[in-house]
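Please read the structure below before turning to the comments.
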Amino acid sequence: MAEVQPEFTSRLPRWLAWYLNYGLAGMNKHEPRQKRAQYAVNLFSLLAFMNAYLFAAAYLMIDLMLWPAAIVSATFGASFLQGPFIYEKSPARMAVLSTASSCVHYPLLTYLLGADSGIQLFMLAGPSVMNLGLGTTRLRLSIALTAILVGTLLGCFVFLEEAALLPAREAFAQTILLIGVLATTASIILTIGHISLSRAETAEEALEAEHARSEALLYNLLPTEIAARLKDAPDQTIADSLDHTAILFADIVDFTPRSARMSPEELVSFLNRIFSTFDELATKHGLEKIKTIGDAYMVAAGLPQPVDRPVHRVAEMAFDMLDALRDLSAELDDTIDIRIGLHAGPVVAGVIGHQKLFYDVWGDTVNTASRMESHGAAGRIQVTAAAREALKDAYDFEPRGAVEIKGIGRLETWWLTARGAPIADA
């Protein structure tokens with residue numbers, strides 16, 4: 001998260017930047033609310049100090065005989081400078097002391113200048129400033145202090161109507177003071193409202209950005225249809241039985257000795273380049289990447305929704321994978337081979353886990369496709385009878401014969417040797 005204080009503080013005099021940023025350095029990045037509140041108090045303490053001295057100067061400009069009001073205003077303004085230091089120790093204490101000071105100084109100024117000067121209206125800004133500093137965690141205290149300010153304000157109107165200082169009774173002086181008070185009070189309230197609105201918008205934008213990141217992560221981890229179902233019913237078990245699917249497994253040949261010669265960075269970069277290429281090919285052929293396990297890559301057609309000619313899709317993917325690795329081998333001047341196995345049939349697919357969601361598939365079809373890869377040969381595509389049956393009209397095969405497959409037994413397999421025509425409606 002960006003720093004709370006704006007960049008303009010870096011262009012201010014050092015002492016002024018220090019004052020505005022007071023109390024922020026000791027807070028860590030996990031305390032954004034406290035930082036914003038502290039900075040708001042620092043800023044408004046400075047503005048209140050400047051405003052009080054501006055009015056003190058205005059009193060003297062109107063008439064030098066208003067010097068008692070100027071002294072009270074200057075004293076009041078000086079008390080505001082303590083705000084950041086008190087707030088850092090105890091926000092509640094700062095709110096109580098500020099309210100007490102306001103309830104002393106504003107009635108005194110009203111006594112000197114009269115209720116028609118409107119000087120007591122500054123207390124209307126008190127609740128807004130207080131809420132900005134206290135937030136919603138001390139609501140009862142905010143309500144109590146607001147009630148005290150409002151009561152004091154009403155008392156000023158009722159009991160302190162006429163000015164004690166004779167120059168303040170002049171219509172010109174009353175008008176100038178009232179205009180200044182109304183303009184300043186309105187500016188304070190509008191500024192506080194702007195800061196509060198900015199906070200809300202910043203929080204909303206942060207929530208929206210976090211939601212977008214979560215959405216992107218969810219849709220990156222899971223197929224679009226599955227992610228949508230999970231969002232609609234997060235507690236529902238997602239498990240589908242799909243009858244017409246095709247599974248492809250691929251594994252990099254001699255990966256273990258190759259990885260021993262690489263640094264961790266080189267190894268990750270190597271795998272990332274290959275698997276990123278495979279991801280692009282899966283998207284091209286409308287397939288669903290299931291997972292990578294070490295140097296093995298698994299992709300499927302026909303899930304989570306059925307597709308036309310699923311076996312043809314994985315066959316095209318297999319040939320493209322071999323072509324991509326031939327190009328990469330030529331570029332790196334180092335032969336990179338993979339074994340590929342294909343099988344077709346029914347599977348069960350679903351989401352497992354709660355914290356690290358994972359979309360996976362199970363069944364004999366998956367196991368057999370995996371065995372086709374592990375019992376295959378470098379640079380070749382081994383397929384079962386089911387896959388050959390679906391592809392026989394458009395692809396060329398080379399019989400391999402019966403192969404003893406661990407966990408399955410003897411199985412007739414073929415090498416897929418030549419690709420057919422591109423799938424027109426893929």
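The way I read the labels, and the way they are meant: chains A, B, ... in the order of the structure tokens, residue 1 as the first residue of every chain, and ligand 1 as the first ligand shown, with later ones counted on from there.
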For Leu391 in chain A: contacts at 12 Å, only C-alpha atoms, fewer than 2 positions along chain excluded, given as an MDAnalysis selection string: chainID A and resid 246 309:316 342:344 383:389 393:397 414:421 423
Contacts of Arg326 in chain A at 10 Å (only C-alpha atoms; same-chain gap of 5+ positions) as a list in words: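 Near neighbours after the sequence-gap exclusion: Asp320, Met321, Glu331, Leu332, Asp334, Thr335, Ile336, Asp337 and Gly379 of chain A.
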Any idea what's packed within 7 Å of Val366 in chain A, counting only C-alpha atoms, ignoring anything in its chain fewer than 4 positions away? Could you give it as a PyMOL selection string? chain A and resi 247+362+370
If we count only C-alpha atoms, what is near Thr152 in chain A at a cut-off of 8 Å, once residues fewer than 4 positions away on the same chain are taken out, given as a count of residues only? 4
Need to verify the contact set: range 292-298 of chain A, 6 Å, only C-alpha atoms, exclusion of same-chain residues closer than 4 positions in sequence. Can you return it as a list in words?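 Neighbouring residues, sequence-local ones excluded: Leu248, Phe249, Ala250, Asp251 and Ile252 of chain A.
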So which residues touch range 193-205 of chain A within 9 Å, counting only C-alpha atoms, skipping near sequence neighbours fewer than 4 positions away, as a list in words? Arg36, Ala40, Ser128, Leu132, Ile188, Ile189, Ala209 and Glu210 of chain A
My list of candidates is A:Thr256, A:Ser98, A:Thr368, A:Gln38. Which is closest to Gly407 in chain A when distances are computed with only C-alpha atoms?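 Ranking A:Thr256, A:Ser98, A:Thr368, A:Gln38 by distance to Gly407 in chain A, first place goes to A:Thr368.
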Any idea what the distance is between CA of Gln34 in chain A and CA of Ala186 in chain A?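 It comes out at 25.9 Å.
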